[in-house]
Amino acid sequence: MAIKNKRIIDKFKKIVKSLLREIIIPIFFALVVIQYVVQAFQIPSGSMEDSLLTGDFLLGLKFTYGSPIPFSDSKFPGLSTPKVGDIVIFRYPGEPLYPDYNRKRYTHLANALMFGNFYWDKEPLANNPRLVHYPMGPKDFIKRCVAISGDSIQVKKGILFRNGQPQKTLPGRGKYTADFRSFSSRDHLPSMQIPKPGDTLVFDSMPLDLLWWVRSLMVQENPKDNIELELSLLKDAQEQNEYVFENFKVPVEGDRNFLLHTLFAYSQKFPQQIQYGDTVSGRIPFQFFKEHTKTGFLSRIDERASSSGFKRVVDYEYFEGRQLLDLEYNIALLNKSKHETLTDSLEVLTENTSDSLHEKTSFYELKKQIKKNGQLVSKYVVKSPVYFMMGDNRDNSADSRFWGFVSQQNIKAKAFIIYFSFENADQTFSLTNPLTWWRIPFKIRWSRLGKIIHWIGV
């Protein structure tokens, strides 16, 4: 009996050793490598063409810019910081790192790579599970660093100016693909200085679109805090937040899609023939801007609706900050219209119409303020280096021209090597259809395998 038990124990030990050697230890070291050494990334769009192509699979080196320190928001010292020309993997600026920006309520459980992130809800609503799945985020982006802290940048007619010098030669194998459009953020940005550590940014003298970028920068540098941009519409210094613009004008551009869809829905009209560069108008409530600018991300899924299954899914709608320029423009139009009405009526006004005159000179203005954990703040001191990112495919890239600065806090890895590349734009290959598997050798871009990314286009 003792001999039999000894055999069972020996067999059990052999199985455990085999599991440790073949599965557990390799998985452990693979997780360590993924967490601290490399970042795997798949190119999902054409924003970096033709330097990087849709379907490229690449590895980025985390330790170059500093690997994350476990259970903290800090990093180990890196070998360097991003330089102009580097292709960088980073977390999307301003996006919630935790669902609803609520770090106290949610505990991060796991990053499931292409399947998103999982969290534990400490305070679930009735009938809701504790496991929360954020399948679309927080998202990682990849762009080229085109300017760093202390640089001045400007975009005129699609050409980037850095420190006053036009950058007419695109890096890598970048390209221009379309004509200049005056209303597009991709083609026009006023000259500005990229903040550097120690700079004090004063809010009351700041344009609204730049203030939007600064709020995002604050979110990146202060992941434990709740940073909100509060807007109010004032008429003669009195709040009119329920105001509805009857003839709100919007240029038809890609970064205005959310605003355009809302305008069409609220106005109950859907133009059939519009194109980029056109201007459309309709009704839109000021509350649209007030709600969406508060955090920049609004939930697409109502948490109050009970969730079936073992997990609850969260997803967010992003508000493009350049739409705030349209808000300021339409408020200016509102005041201009009032002024013109007054001017046209001056000939018939008399001394006895002072009350009427006062009514016609009502003035609309926008009140903007930033709150940190519910408290008003009027300035901010930048903590870390800041970067400006752009895609090599300059006319088809959503980048810093649209969503602003990237903080050192959000930098994840330096793009290093293409380890695989698969071209399936025609969708003639499907993993679920075995009859298409024979196409695999013809879909692989063999010439791109093993390419060092820094050398592409050099």
# chains A, B, ... in the order shown; residues from 1 in each chain; ligands from 1
>>> select_by_dssp(residues="stretch 261-332 of chain A", states="strand (DSSP E)", output="ChimeraX atom specification")
/A:279-285,297-299,311-313,316-318
>>> residues_around(residues="A:Leu324", least_positions_apart="4", cutoff="8 Å", atoms="only C-alpha atoms", output="NGL selection string")
:A and (208-209 or 289 or 328)
>>> write_last_selection(atoms="N, CA, C and O atoms", output="JSON list (two decimals), in the first residue's frame")
[["chain", "number", "residue", "atom", "x", "y", "z"],
["A", 208, "LEU", "N", -10.70, 78.58, -25.98],
["A", 208, "LEU", "CA", -11.46, 77.44, -25.52],
["A", 208, "LEU", "C", -10.90, 76.12, -26.04],
["A", 208, "LEU", "O", -10.81, 75.14, -25.29],
["A", 209, "ASP", "N", -10.52, 76.07, -27.32],
["A", 209, "ASP", "CA", -10.01, 74.80, -27.86],
["A", 209, "ASP", "C", -8.69, 74.40, -27.21],
["A", 209, "ASP", "O", -8.42, 73.22, -26.98],
["A", 289, "PHE", "N", -23.27, 70.77, -25.86],
["A", 289, "PHE", "CA", -21.88, 71.12, -25.58],
["A", 289, "PHE", "C", -21.58, 71.01, -24.09],
["A", 289, "PHE", "O", -20.51, 70.52, -23.70],
["A", 328, "GLU", "N", -18.11, 78.77, -30.26],
["A", 328, "GLU", "CA", -17.70, 80.17, -30.11],
["A", 328, "GLU", "C", -18.10, 80.99, -31.33],
["A", 328, "GLU", "O", -18.54, 82.14, -31.20]]
>>> residues_around(residues="A:Tyr329", least_positions_apart="2", cutoff="12 Å", atoms="only C-alpha atoms", output="list in words")
Leu208, Asp209, Phe248, Lys249, Val250, Pro251, Arg322, Gln323, Leu324, Leu325, Asp326, Leu327, Ile331, Ala332, Leu333, Leu334, Asn335, Lys336, Tyr364, Glu365 and Leu366 of chain A
>>> write_last_selection(atoms="N, CA, C and O atoms", output="mmCIF file, in the first residue's frame")
data_model
loop_
_atom_site.group_PDB
_atom_site.id
_atom_site.type_symbol
_atom_site.label_atom_id
_atom_site.label_comp_id
_atom_site.auth_asym_id
_atom_site.auth_seq_id
_atom_site.Cartn_x
_atom_site.Cartn_y
_atom_site.Cartn_z
ATOM 1 N N LEU A 208 -10.699 78.585 -25.981
ATOM 2 C CA LEU A 208 -11.462 77.437 -25.517
ATOM 3 C C LEU A 208 -10.902 76.122 -26.043
ATOM 4 O O LEU A 208 -10.814 75.137 -25.293
ATOM 5 N N ASP A 209 -10.517 76.068 -27.324
ATOM 6 C CA ASP A 209 -10.013 74.802 -27.862
ATOM 7 C C ASP A 209 -8.687 74.404 -27.213
ATOM 8 O O ASP A 209 -8.418 73.220 -26.979
ATOM 9 N N PHE A 248 -27.793 77.128 -36.035
ATOM 10 C CA PHE A 248 -26.403 76.828 -35.707
ATOM 11 C C PHE A 248 -25.674 76.371 -36.966
ATOM 12 O O PHE A 248 -26.079 75.411 -37.628
ATOM 13 N N LYS A 249 -24.587 77.039 -37.303
ATOM 14 C CA LYS A 249 -23.853 76.745 -38.537
ATOM 15 C C LYS A 249 -22.655 75.847 -38.242
ATOM 16 O O LYS A 249 -21.893 76.094 -37.305
ATOM 17 N N VAL A 250 -22.487 74.804 -39.065
ATOM 18 C CA VAL A 250 -21.407 73.838 -38.883
ATOM 19 C C VAL A 250 -20.766 73.538 -40.235
ATOM 20 O O VAL A 250 -21.471 73.194 -41.188
ATOM 21 N N PRO A 251 -19.436 73.643 -40.344
ATOM 22 C CA PRO A 251 -18.764 73.207 -41.576
ATOM 23 C C PRO A 251 -18.748 71.681 -41.651
ATOM 24 O O PRO A 251 -18.593 71.003 -40.638
ATOM 25 N N ARG A 322 -12.454 70.213 -31.324
ATOM 26 C CA ARG A 322 -12.469 71.289 -32.311
ATOM 27 C C ARG A 322 -13.881 71.797 -32.571
ATOM 28 O O ARG A 322 -14.073 72.887 -33.115
ATOM 29 N N GLN A 323 -14.895 71.026 -32.192
ATOM 30 C CA GLN A 323 -16.276 71.475 -32.338
ATOM 31 C C GLN A 323 -16.588 72.676 -31.438
ATOM 32 O O GLN A 323 -17.566 73.390 -31.656
ATOM 33 N N LEU A 324 -15.735 72.892 -30.431
ATOM 34 C CA LEU A 324 -15.925 74.049 -29.559
ATOM 35 C C LEU A 324 -15.678 75.355 -30.306
ATOM 36 O O LEU A 324 -16.217 76.401 -29.937
ATOM 37 N N LEU A 325 -14.867 75.305 -31.372
ATOM 38 C CA LEU A 325 -14.685 76.500 -32.205
ATOM 39 C C LEU A 325 -15.997 76.893 -32.869
ATOM 40 O O LEU A 325 -16.287 78.077 -33.040
ATOM 41 N N ASP A 326 -16.792 75.893 -33.239
ATOM 42 C CA ASP A 326 -18.096 76.178 -33.845
ATOM 43 C C ASP A 326 -19.033 76.812 -32.828
ATOM 44 O O ASP A 326 -19.843 77.679 -33.178
ATOM 45 N N LEU A 327 -18.942 76.374 -31.570
ATOM 46 C CA LEU A 327 -19.764 76.989 -30.530
ATOM 47 C C LEU A 327 -19.408 78.462 -30.370
ATOM 48 O O LEU A 327 -20.286 79.329 -30.351
ATOM 49 N N ILE A 331 -21.852 81.735 -31.202
ATOM 50 C CA ILE A 331 -22.165 82.760 -30.193
ATOM 51 C C ILE A 331 -21.811 84.133 -30.734
ATOM 52 O O ILE A 331 -22.557 85.109 -30.556
ATOM 53 N N ALA A 332 -20.663 84.228 -31.437
ATOM 54 C CA ALA A 332 -20.286 85.500 -32.067
ATOM 55 C C ALA A 332 -21.309 85.909 -33.120
ATOM 56 O O ALA A 332 -21.668 87.088 -33.226
ATOM 57 N N LEU A 333 -21.815 84.945 -33.890
ATOM 58 C CA LEU A 333 -22.848 85.241 -34.883
ATOM 59 C C LEU A 333 -24.125 85.732 -34.208
ATOM 60 O O LEU A 333 -24.809 86.618 -34.719
ATOM 61 N N LEU A 334 -24.425 85.140 -33.060
ATOM 62 C CA LEU A 334 -25.628 85.546 -32.318
ATOM 63 C C LEU A 334 -25.532 87.000 -31.893
ATOM 64 O O LEU A 334 -26.475 87.783 -32.058
ATOM 65 N N ASN A 335 -24.368 87.400 -31.384
ATOM 66 C CA ASN A 335 -24.169 88.789 -30.978
ATOM 67 C C ASN A 335 -24.121 89.721 -32.182
ATOM 68 O O ASN A 335 -24.631 90.844 -32.133
ATOM 69 N N LYS A 336 -23.536 89.257 -33.273
ATOM 70 C CA LYS A 336 -23.485 90.067 -34.491
ATOM 71 C C LYS A 336 -24.884 90.315 -35.032
ATOM 72 O O LYS A 336 -25.229 91.417 -35.437
ATOM 73 N N TYR A 364 -24.450 87.801 -25.437
ATOM 74 C CA TYR A 364 -24.220 86.410 -25.082
ATOM 75 C C TYR A 364 -22.717 86.156 -24.966
ATOM 76 O O TYR A 364 -21.936 86.637 -25.784
ATOM 77 N N GLU A 365 -22.335 85.398 -23.959
ATOM 78 C CA GLU A 365 -20.926 85.043 -23.795
ATOM 79 C C GLU A 365 -20.808 83.660 -23.174
ATOM 80 O O GLU A 365 -21.772 83.129 -22.588
ATOM 81 N N LEU A 366 -19.628 83.081 -23.291
ATOM 82 C CA LEU A 366 -19.384 81.731 -22.799
ATOM 83 C C LEU A 366 -18.497 81.793 -21.563
ATOM 84 O O LEU A 366 -17.429 82.390 -21.582
#
>>> residues_around(residues="A:Phe405", least_positions_apart="4", cutoff="8 Å", atoms="only C-alpha atoms", output="compact mmCIF listing (two decimals) with N, CA and C atoms, in the first residue's frame")
# COMPACT_ATOMS: atom_id res chain seq x y z
N PRO A 93 -5.00 60.06 -25.47
CA PRO A 93 -5.07 61.14 -24.48
C PRO A 93 -6.48 61.42 -23.97
N ILE A 194 4.40 74.32 -27.24
CA ILE A 194 4.12 73.08 -26.53
C ILE A 194 4.61 73.21 -25.10
N TRP A 213 -7.57 71.07 -24.68
CA TRP A 213 -6.35 70.27 -24.72
C TRP A 213 -5.68 70.23 -23.35
N VAL A 214 -5.69 71.35 -22.64
CA VAL A 214 -5.06 71.41 -21.32
C VAL A 214 -5.80 70.52 -20.34
N SER A 216 -7.31 67.78 -21.07
CA SER A 216 -6.86 66.43 -21.41
C SER A 216 -5.47 66.15 -20.86
N LEU A 217 -4.58 67.15 -20.94
CA LEU A 217 -3.23 67.00 -20.40
C LEU A 217 -3.28 66.79 -18.88
N VAL A 386 5.94 66.92 -22.71
CA VAL A 386 4.73 66.86 -23.52
C VAL A 386 5.13 66.72 -24.99
N TYR A 387 4.31 65.97 -25.75
CA TYR A 387 4.66 65.68 -27.13
C TYR A 387 3.48 65.97 -28.07
N PHE A 388 3.82 66.27 -29.32
CA PHE A 388 2.82 66.50 -30.36
C PHE A 388 3.01 65.42 -31.41
N MET A 389 1.94 64.63 -31.66
CA MET A 389 2.01 63.46 -32.53
C MET A 389 1.22 63.68 -33.82
N SER A 400 -2.67 64.66 -32.96
CA SER A 400 -2.63 65.80 -32.02
C SER A 400 -3.28 67.05 -32.58
>>> residues_around(residues="A:Pro166", least_positions_apart="4", cutoff="10 Å", atoms="only C-alpha atoms", output="JSON, numbers by chain")
{"A": [153, 154, 155, 156, 159, 160, 161, 162]}
>>> write_last_selection(atoms="N, CA, C and O atoms", output="compact mmCIF listing (two decimals), in the first residue's frame")
# COMPACT_ATOMS: atom_id res chain seq x y z
N ILE A 153 4.66 75.13 -32.64
CA ILE A 153 4.09 74.42 -33.78
C ILE A 153 2.99 75.26 -34.41
O ILE A 153 2.35 76.10 -33.76
N GLN A 154 2.78 75.03 -35.68
CA GLN A 154 1.71 75.69 -36.42
C GLN A 154 1.44 74.85 -37.67
O GLN A 154 2.36 74.23 -38.23
N VAL A 155 0.18 74.83 -38.10
CA VAL A 155 -0.17 74.17 -39.36
C VAL A 155 -0.84 75.20 -40.25
O VAL A 155 -1.85 75.80 -39.86
N LYS A 156 -0.26 75.43 -41.42
CA LYS A 156 -0.81 76.39 -42.38
C LYS A 156 -0.98 75.69 -43.72
O LYS A 156 -0.02 75.18 -44.30
N ILE A 159 0.60 72.30 -44.07
CA ILE A 159 2.06 72.18 -43.85
C ILE A 159 2.37 72.45 -42.38
O ILE A 159 1.94 73.45 -41.80
N LEU A 160 3.11 71.54 -41.76
CA LEU A 160 3.53 71.71 -40.38
C LEU A 160 4.72 72.64 -40.30
O LEU A 160 5.69 72.50 -41.05
N PHE A 161 4.65 73.61 -39.38
CA PHE A 161 5.78 74.49 -39.08
C PHE A 161 6.25 74.17 -37.66
O PHE A 161 5.47 74.22 -36.71
N ARG A 162 7.52 73.85 -37.52
CA ARG A 162 8.11 73.59 -36.20
C ARG A 162 9.20 74.61 -35.96
O ARG A 162 10.13 74.74 -36.75
>>> atom_distance(atom1="atom CA of A:Asp236", atom2="atom CA of A:Phe363")
5.4 Å
>>> atom_distance(atom1="atom CA of A:Gln369", atom2="atom CA of A:Ser152")
25.4 Å
>>> residues_around(residues="A:Phe402", least_positions_apart="2", cutoff="9 Å", atoms="only C-alpha atoms", output="number ranges by chain")
A: 185-186, 255, 320-322, 398-400, 404
>>> residues_around(residues="A:Lys412", least_positions_apart="5", cutoff="10 Å", atoms="only C-alpha atoms", output="list in words")
Tyr36, Val38, Gln39, Gly60, Leu61, Lys62, Phe63, Thr64, Tyr65, Gly66, Ser67, Pro68, Lys75, Val88, Ile89, Phe90, Arg91, Asp140, Phe141 and Ile142 of chain A
>>> atom_distance(atom1="atom CA of A:Pro190", atom2="atom CA of A:Lys379")
21.5 Å
>>> closest_residue(among="A:Phe57, A:Ser205, A:Glu230, A:Phe245", to="A:Phe286", atoms="only C-alpha atoms")
A:Phe245
>>> closest_residue(among="A:Lys294, A:Tyr276, A:Thr107, A:Pro129", to="A:Gly374", atoms="only C-alpha atoms")
A:Lys294
>>> select_by_dssp(residues="stretch 38-145 of chain A", states="helix (DSSP H, G or I)", output="VMD selection string")
chain A and resid 99 to 101 113 to 115
>>> closest_residue(among="A:Ile411, A:Ala305, A:Val381, A:Leu431", to="A:Ala126", atoms="only C-alpha atoms")
A:Ala305
>>> closest_residue(among="A:Tyr266, A:Phe41, A:Tyr101, A:Phe76", to="A:Val314", atoms="only C-alpha atoms")
A:Tyr101
